[in-house]
$ cat work-v4.csv   # CSV, C-alpha atoms
chain,number,residue,atom,x,y,z
A,385,SER,CA,-12.2,64.5,-69.6
A,386,GLY,CA,-14.2,61.4,-68.7
A,387,GLY,CA,-12.2,61.1,-65.5
A,388,THR,CA,-13.2,64.5,-64.4
A,389,LEU,CA,-16.8,63.7,-65.2
A,390,ILE,CA,-16.9,60.6,-63.0
A,391,ASN,CA,-15.1,62.6,-60.3
A,392,ARG,CA,-17.7,65.4,-60.5
A,393,GLU,CA,-20.6,62.9,-60.4
A,394,LEU,CA,-19.1,61.1,-57.4
A,395,ILE,CA,-18.5,64.3,-55.6
A,396,GLU,CA,-22.0,65.5,-56.3
A,397,VAL,CA,-23.5,62.2,-55.0
A,398,PHE,CA,-21.6,62.5,-51.8
A,399,SER,CA,-22.0,66.2,-51.4
A,400,ASP,CA,-25.8,65.6,-51.4
A,401,ILE,CA,-25.5,62.9,-48.7
A,402,ALA,CA,-23.2,65.1,-46.7
A,403,ARG,CA,-25.6,68.0,-46.8
A,404,GLU,CA,-28.5,65.8,-45.7
A,405,LYS,CA,-26.4,64.5,-42.8
A,406,ASN,CA,-24.9,67.9,-41.9
A,407,VAL,CA,-21.3,66.8,-42.5
A,408,GLU,CA,-18.8,69.6,-42.7
A,409,ARG,CA,-17.4,70.2,-46.2
A,410,SER,CA,-13.8,69.8,-44.9
A,411,GLU,CA,-14.8,66.4,-43.4
A,412,LEU,CA,-16.3,65.3,-46.7
A,413,ALA,CA,-13.0,65.8,-48.6
A,414,THR,CA,-11.2,63.7,-45.9
A,415,ILE,CA,-13.8,60.9,-46.1
A,416,LEU,CA,-13.5,60.8,-49.9
A,417,GLU,CA,-9.7,60.7,-49.7
A,418,GLU,CA,-9.9,57.8,-47.2
A,419,LEU,CA,-12.5,56.1,-49.4
A,420,PHE,CA,-10.2,56.0,-52.5
A,421,LEU,CA,-7.3,54.6,-50.4
A,422,TYR,CA,-9.7,52.0,-49.0
A,423,VAL,CA,-10.8,51.0,-52.5
A,424,ILE,CA,-7.2,50.7,-53.7
A,425,GLU,CA,-6.4,48.6,-50.6
A,426,LYS,CA,-9.4,46.3,-51.4
A,427,GLU,CA,-8.5,46.1,-55.1
A,428,TYR,CA,-4.7,45.6,-54.7
A,429,GLY,CA,-4.1,44.6,-51.1
A,430,ASP,CA,-2.0,47.7,-50.3
A,431,SER,CA,-2.3,51.4,-50.5
A,432,SER,CA,0.7,52.6,-48.6
A,433,ASN,CA,2.5,53.9,-51.7
A,434,CYS,CA,-0.7,55.8,-52.9
A,435,SER,CA,-2.1,59.2,-52.0
A,436,CYS,CA,-5.3,60.9,-52.9
A,437,ILE,CA,-6.2,64.6,-53.1
A,438,VAL,CA,-9.8,65.7,-53.4
A,439,ASN,CA,-10.7,69.2,-54.5
A,440,LEU,CA,-14.4,69.7,-53.9
A,441,ASP,CA,-14.5,73.2,-55.4
A,442,LYS,CA,-13.1,72.0,-58.7
A,443,GLY,CA,-14.8,68.7,-58.5
A,444,GLU,CA,-11.6,66.8,-59.0
A,445,ILE,CA,-10.2,63.6,-57.5
A,446,GLU,CA,-6.5,62.9,-58.0
A,447,ILE,CA,-4.9,59.6,-57.1
A,448,TYR,CA,-1.1,59.1,-57.2
A,449,SER,CA,0.9,56.0,-56.9
A,450,GLU,CA,4.6,56.0,-56.3
A,451,LYS,CA,6.5,53.3,-58.1
A,452,THR,CA,10.2,52.5,-58.4
A,453,ILE,CA,11.5,52.4,-62.0
A,454,VAL,CA,13.1,48.9,-62.5
A,455,LYS,CA,14.4,46.8,-65.4
A,456,GLU,CA,12.1,43.9,-64.6
A,457,VAL,CA,8.9,44.2,-62.6
A,458,ASP,CA,8.5,41.8,-59.6
A,459,ASP,CA,5.6,43.6,-58.0
A,460,TYR,CA,3.4,45.8,-60.4
A,461,LYS,CA,1.9,47.6,-57.4
A,462,VAL,CA,5.1,49.3,-56.4
A,463,GLU,CA,7.3,48.9,-59.6
A,464,ILE,CA,7.2,50.0,-63.2
A,465,THR,CA,9.6,49.5,-66.1
A,466,LEU,CA,11.4,52.4,-67.8
A,467,GLU,CA,9.5,51.8,-71.0
A,468,GLU,CA,6.1,51.9,-69.2
A,469,ALA,CA,7.0,55.0,-67.4
A,470,ILE,CA,8.1,56.8,-70.6
A,471,ALA,CA,4.9,55.6,-72.3
A,472,LYS,CA,2.9,57.2,-69.5
A,473,GLU,CA,5.0,60.4,-69.3
A,474,PRO,CA,6.5,60.9,-72.8
A,475,ASP,CA,7.5,64.5,-71.9
A,476,ALA,CA,9.7,63.3,-69.0
A,477,GLU,CA,11.6,60.8,-71.1
A,478,GLY,CA,15.0,62.5,-70.6
A,479,ASP,CA,14.6,62.7,-66.8
A,480,LEU,CA,13.5,59.1,-66.1
A,481,THR,CA,16.1,56.5,-65.0
A,482,VAL,CA,16.1,53.1,-63.4
A,483,GLY,CA,16.1,53.3,-59.6
A,484,GLU,CA,14.2,56.5,-59.4
A,485,VAL,CA,10.6,57.0,-58.1
A,486,PHE,CA,8.0,57.5,-60.7
A,487,VAL,CA,4.7,59.1,-59.7
A,488,GLU,CA,1.9,57.4,-61.7
A,489,VAL,CA,-1.6,59.1,-61.9
A,490,ILE,CA,-4.4,56.6,-61.3
A,491,ASP,CA,-7.7,57.2,-63.2
A,492,PRO,CA,-10.6,56.6,-60.8
A,493,ARG,CA,-12.5,55.1,-63.7
A,494,ILE,CA,-10.4,51.9,-63.5
A,495,PHE,CA,-12.5,51.0,-60.4
A,496,GLY,CA,-15.7,51.1,-62.4
A,497,ARG,CA,-19.1,50.5,-61.0
A,498,ARG,CA,-17.7,48.6,-58.0
A,499,LEU,CA,-16.3,52.0,-56.8
A,500,VAL,CA,-19.7,53.5,-56.4
A,501,THR,CA,-21.1,50.5,-54.6
A,502,THR,CA,-18.1,50.3,-52.2
A,503,ALA,CA,-18.1,54.0,-51.9
A,504,LYS,CA,-21.7,54.1,-50.7
A,505,GLN,CA,-21.0,51.4,-48.1
A,506,PHE,CA,-17.8,53.0,-46.9
A,507,PHE,CA,-19.4,56.5,-46.9
A,508,ALA,CA,-22.4,55.2,-44.9
A,509,GLN,CA,-20.1,53.7,-42.3
A,510,ARG,CA,-17.9,56.9,-42.0
A,511,LEU,CA,-21.0,59.1,-41.8
A,512,ARG,CA,-22.3,56.9,-38.9
A,513,ASP,CA,-18.9,57.5,-37.2
A,514,VAL,CA,-19.1,61.2,-37.8
A,515,GLU,CA,-22.7,61.4,-36.7
A,516,ARG,CA,-21.9,59.4,-33.5
A,517,ASN,CA,-19.0,61.8,-32.8
A,518,TYR,CA,-21.4,64.8,-33.2
A,519,ILE,CA,-23.9,63.1,-30.8
A,520,TYR,CA,-21.2,62.3,-28.3
A,521,GLU,CA,-19.9,65.9,-28.4
A,522,ASP,CA,-23.5,67.2,-28.0
A,523,TYR,CA,-24.5,65.0,-25.1
A,524,ILE,CA,-21.3,65.1,-23.1
A,525,ASN,CA,-22.1,68.8,-22.6
A,526,ARG,CA,-25.7,68.1,-21.6
A,527,VAL,CA,-25.2,65.8,-18.6
A,528,GLY,CA,-27.6,67.0,-15.9
A,529,GLU,CA,-30.0,68.5,-18.4
A,530,ILE,CA,-33.6,67.5,-18.8
A,531,VAL,CA,-34.5,66.0,-22.2
A,532,ILE,CA,-37.8,64.9,-23.9
A,533,GLY,CA,-37.8,61.9,-26.2
A,534,THR,CA,-40.0,59.1,-27.6
A,535,VAL,CA,-39.8,55.5,-26.5
A,536,ARG,CA,-38.6,53.6,-29.6
A,537,GLN,CA,-38.4,50.1,-28.1
A,538,ILE,CA,-38.3,48.2,-24.9
A,539,GLN,CA,-35.8,45.4,-24.6
A,540,ARG,CA,-35.0,43.4,-21.4
A,541,ASP,CA,-36.4,46.1,-19.2
A,542,THR,CA,-34.2,48.8,-21.0
A,543,LEU,CA,-36.0,51.6,-22.7
A,544,TYR,CA,-34.5,52.9,-26.0
A,545,ILE,CA,-35.5,56.5,-26.5
A,546,ASN,CA,-35.1,58.6,-29.7
A,547,ILE,CA,-34.3,62.3,-29.8
A,548,ASP,CA,-33.6,63.4,-33.3
A,549,GLN,CA,-30.7,61.3,-34.6
A,550,ALA,CA,-29.6,60.1,-31.1
A,551,GLU,CA,-30.7,56.9,-29.3
A,552,LEU,CA,-30.7,57.2,-25.5
A,553,LEU,CA,-30.9,54.3,-23.0
A,554,MET,CA,-32.8,54.1,-19.8
A,555,PRO,CA,-31.9,50.9,-17.9
A,556,ARG,CA,-34.3,49.5,-15.3
A,557,ARG,CA,-32.3,51.0,-12.4
A,558,GLU,CA,-32.9,54.5,-13.8
A,559,GLN,CA,-36.7,54.0,-14.2
A,560,ILE,CA,-39.4,54.7,-11.6
A,561,LEU,CA,-40.7,51.2,-10.7
A,562,SER,CA,-44.4,52.3,-10.6
A,563,GLU,CA,-44.3,53.6,-14.2
A,564,ARG,CA,-45.1,51.6,-17.2
A,565,HIS,CA,-44.0,52.8,-20.7
A,566,ARG,CA,-45.1,51.7,-24.2
A,567,ARG,CA,-43.6,52.3,-27.6
A,568,GLY,CA,-44.4,55.8,-28.9
A,569,ASP,CA,-44.7,57.3,-25.4
A,570,THR,CA,-43.2,60.7,-24.8
A,571,ILE,CA,-40.8,60.7,-21.8
A,572,ARG,CA,-38.9,63.3,-19.8
A,573,ALA,CA,-35.6,62.4,-18.2
A,574,VAL,CA,-32.3,63.7,-17.1
A,575,VAL,CA,-29.1,63.0,-19.0
A,576,LYS,CA,-27.1,61.0,-16.4
A,577,SER,CA,-23.9,59.9,-18.3
A,578,VAL,CA,-22.3,59.5,-21.7
A,579,GLU,CA,-19.9,56.5,-22.2
A,580,VAL,CA,-17.9,55.5,-25.2
A,581,THR,CA,-18.5,51.9,-26.2
A,582,PRO,CA,-17.3,49.9,-29.3
A,583,ARG,CA,-20.9,50.5,-30.7
A,584,GLY,CA,-20.5,54.2,-30.3
A,585,PRO,CA,-21.6,56.7,-27.6
A,586,GLU,CA,-24.0,55.2,-25.0
A,587,ILE,CA,-26.1,58.0,-23.5
A,588,ILE,CA,-27.8,56.9,-20.2
A,589,ILE,CA,-30.8,58.9,-19.0
A,590,SER,CA,-32.7,58.7,-15.7
A,591,ARG,CA,-36.2,59.2,-14.5
A,592,CYS,CA,-35.2,58.8,-10.9
A,593,ARG,CA,-33.1,61.9,-10.9
A,594,SER,CA,-35.7,63.9,-12.8
A,595,ARG,CA,-38.3,63.1,-10.1
A,596,ARG,CA,-35.9,64.4,-7.5
A,597,SER,CA,-35.5,67.5,-9.7
A,598,GLY,CA,-39.2,68.1,-9.1
A,599,LEU,CA,-40.4,66.8,-12.5
A,600,LYS,CA,-43.4,64.6,-13.0
$ encode --input "work-v4.csv" --output "structure tokens"
Amino acid sequence: SGGTLINRELIEVFSDIAREKNVERSELATILEELFLYVIEKEYGDSSNCSCIVNLDKGEIEIYSEKTIVKEVDDYKVEITLEEAIAKEPDAEGDLTVGEVFVEVIDPRIFGRRLVTTAKQFFAQRLRDVERNYIYEDYINRVGEIVIGTVRQIQRDTLYINIDQAELLMPRREQILSERHRRGDTIRAVVKSVEVTPRGPEIIISRCRSRRSGLK
């Protein structure tokens, strides 16, 4: 069906991004499930009665919305008339009654092109979070280790150093006063500490300690 097609396309787009960013497959499914609930929340203002199940192997995205069957609808997000419920599930006509919960299947296509745009933004943000977490886990175990990186920029006496996907900081107090560094310089230092900040993990490195370690 068309719904499955758009699901498959979406999953393929995100699988490619996830592979590129080394995101675990299990994490990808969770991110996609969170994404659809986020989109529903943006679209309708509430997603508490909705659930989403992503099956990466089958390329399927299933979204369910729980609604109470009522005579007259006050809130279409959480209520549905008996007639509408029967129209959606003709086979269940004999089992549907007012007051019961009806589980409606939501077609991802109703979100249209906006979905892909929102999805990419949301996905990029979640990937940054996942990536930061990986970086934090990696560097928390490397305190005291010597690392080699490249000076990316110098701001207010703080050196910003890149090693692969991670950005490390060397404040003035951790620099050797007689040394001058430029962008693009290769630098050796010791990982001093890893702190969690609202912007993500802050990895502080030091030249002072590396000199004491006998490094030039």
$ residues_near_point --input "work-v4.csv" --point "(-14.5, 69.3, -54.2)" --cutoff "10 Å" --atoms "only C-alpha atoms" --output "JSON, numbers by chain"
{"A": [391, 392, 394, 395, 396, 399, 409, 410, 412, 413, 416, 437, 438, 439, 440, 441, 442, 443, 444, 445]}
$ write_last_selection --input "work-v4.csv" --atoms "C-alpha atoms" --output "compact mmCIF listing (two decimals), keeping the file's coordinate frame"
# COMPACT_ATOMS: atom_id res chain seq x y z
CA ASN A 391 -15.10 62.60 -60.30
CA ARG A 392 -17.70 65.40 -60.50
CA LEU A 394 -19.10 61.10 -57.40
CA ILE A 395 -18.50 64.30 -55.60
CA GLU A 396 -22.00 65.50 -56.30
CA SER A 399 -22.00 66.20 -51.40
CA ARG A 409 -17.40 70.20 -46.20
CA SER A 410 -13.80 69.80 -44.90
CA LEU A 412 -16.30 65.30 -46.70
CA ALA A 413 -13.00 65.80 -48.60
CA LEU A 416 -13.50 60.80 -49.90
CA ILE A 437 -6.20 64.60 -53.10
CA VAL A 438 -9.80 65.70 -53.40
CA ASN A 439 -10.70 69.20 -54.50
CA LEU A 440 -14.40 69.70 -53.90
CA ASP A 441 -14.50 73.20 -55.40
CA LYS A 442 -13.10 72.00 -58.70
CA GLY A 443 -14.80 68.70 -58.50
CA GLU A 444 -11.60 66.80 -59.00
CA ILE A 445 -10.20 63.60 -57.50
$ atom_distance --input "work-v4.csv" --atom1 "CA of Ser435 (chain A)" --atom2 "CA of Ser449 (chain A)"
6.6 Å
$ closest_residue --input "work-v4.csv" --among "A:Ile447, A:Ile571, A:Val423, A:Thr414" --to "Thr501 (chain A)" --atoms "only C-alpha atoms"
A:Val423
$ closest_residue --input "work-v4.csv" --among "A:Ala402, A:Ile545, A:Ile415, A:Ala469" --to "Cys436 (chain A)" --atoms "only C-alpha atoms"
A:Ile415
$ closest_residue --input "work-v4.csv" --among "A:Val531, A:Leu419, A:Val407, A:Ile589" --to "Phe507 (chain A)" --atoms "all atoms listed in the file"
A:Leu419
$ atom_distance --input "work-v4.csv" --atom1 "CA of Ser432 (chain A)" --atom2 "CA of Val397 (chain A)"
26.8 Å
$ closest_residue --input "work-v4.csv" --among "A:Asn517, A:Glu393, A:Lys451, A:Gly429" --to "Thr581 (chain A)" --atoms "all atoms listed in the file"
A:Asn517
$ closest_residue --input "work-v4.csv" --among "A:Gly584, A:Ile560, A:Gly568, A:Arg526" --to "Asn546 (chain A)" --atoms "all atoms listed in the file"
A:Gly568
$ residues_around --input "work-v4.csv" --residues "Val527 (chain A)" --least-positions-apart "2" --cutoff "9 Å" --atoms "all atoms listed in the file" --output "list in words"
Tyr523, Ile524, Asn525, Glu529, Ile530, Val574, Val575, Lys576, Ser577, Val578 and Ile589 of chain A
$ build_atoms --input "work-v4.csv" --residues "region 398-412 of chain A" --atoms "N, CA and C atoms" --output "PDB file, in the frame of the given file"
ATOM      1  N   PHE A 398     -21.948  62.467 -53.173  1.00  0.00           N
ATOM      2  CA  PHE A 398     -21.600  62.500 -51.800  1.00  0.00           C
ATOM      3  C   PHE A 398     -21.810  63.853 -51.127  1.00  0.00           C
ATOM      4  N   SER A 399     -21.732  64.915 -51.922  1.00  0.00           N
ATOM      5  CA  SER A 399     -22.000  66.200 -51.400  1.00  0.00           C
ATOM      6  C   SER A 399     -23.503  66.275 -50.931  1.00  0.00           C
ATOM      7  N   ASP A 400     -24.383  65.646 -51.742  1.00  0.00           N
ATOM      8  CA  ASP A 400     -25.800  65.600 -51.400  1.00  0.00           C
ATOM      9  C   ASP A 400     -26.011  64.844 -50.072  1.00  0.00           C
ATOM     10  N   ILE A 401     -25.352  63.670 -49.953  1.00  0.00           N
ATOM     11  CA  ILE A 401     -25.500  62.900 -48.700  1.00  0.00           C
ATOM     12  C   ILE A 401     -24.950  63.671 -47.545  1.00  0.00           C
ATOM     13  N   ALA A 402     -23.805  64.322 -47.755  1.00  0.00           N
ATOM     14  CA  ALA A 402     -23.200  65.100 -46.700  1.00  0.00           C
ATOM     15  C   ALA A 402     -24.060  66.226 -46.206  1.00  0.00           C
ATOM     16  N   ARG A 403     -24.696  66.894 -47.182  1.00  0.00           N
ATOM     17  CA  ARG A 403     -25.600  68.000 -46.800  1.00  0.00           C
ATOM     18  C   ARG A 403     -26.753  67.502 -45.975  1.00  0.00           C
ATOM     19  N   GLU A 404     -27.304  66.377 -46.429  1.00  0.00           N
ATOM     20  CA  GLU A 404     -28.500  65.800 -45.700  1.00  0.00           C
ATOM     21  C   GLU A 404     -28.068  65.407 -44.300  1.00  0.00           C
ATOM     22  N   LYS A 405     -26.825  64.959 -44.109  1.00  0.00           N
ATOM     23  CA  LYS A 405     -26.400  64.500 -42.800  1.00  0.00           C
ATOM     24  C   LYS A 405     -25.640  65.587 -42.014  1.00  0.00           C
ATOM     25  N   ASN A 406     -25.613  66.810 -42.550  1.00  0.00           N
ATOM     26  CA  ASN A 406     -24.900  67.900 -41.900  1.00  0.00           C
ATOM     27  C   ASN A 406     -23.438  67.662 -41.648  1.00  0.00           C
ATOM     28  N   VAL A 407     -22.780  67.036 -42.620  1.00  0.00           N
ATOM     29  CA  VAL A 407     -21.300  66.800 -42.500  1.00  0.00           C
ATOM     30  C   VAL A 407     -20.596  68.010 -43.032  1.00  0.00           C
ATOM     31  N   GLU A 408     -19.603  68.440 -42.276  1.00  0.00           N
ATOM     32  CA  GLU A 408     -18.800  69.600 -42.700  1.00  0.00           C
ATOM     33  C   GLU A 408     -18.134  69.309 -44.032  1.00  0.00           C
ATOM     34  N   ARG A 409     -17.984  70.343 -44.853  1.00  0.00           N
ATOM     35  CA  ARG A 409     -17.400  70.200 -46.200  1.00  0.00           C
ATOM     36  C   ARG A 409     -15.907  69.696 -46.049  1.00  0.00           C
ATOM     37  N   SER A 410     -15.199  70.199 -45.056  1.00  0.00           N
ATOM     38  CA  SER A 410     -13.800  69.800 -44.900  1.00  0.00           C
ATOM     39  C   SER A 410     -13.746  68.278 -44.540  1.00  0.00           C
ATOM     40  N   GLU A 411     -14.739  67.822 -43.792  1.00  0.00           N
ATOM     41  CA  GLU A 411     -14.800  66.400 -43.400  1.00  0.00           C
ATOM     42  C   GLU A 411     -15.108  65.534 -44.636  1.00  0.00           C
ATOM     43  N   LEU A 412     -15.945  66.068 -45.523  1.00  0.00           N
ATOM     44  CA  LEU A 412     -16.300  65.300 -46.700  1.00  0.00           C
ATOM     45  C   LEU A 412     -15.096  65.004 -47.567  1.00  0.00           C
TER      46      LEU A 412
END
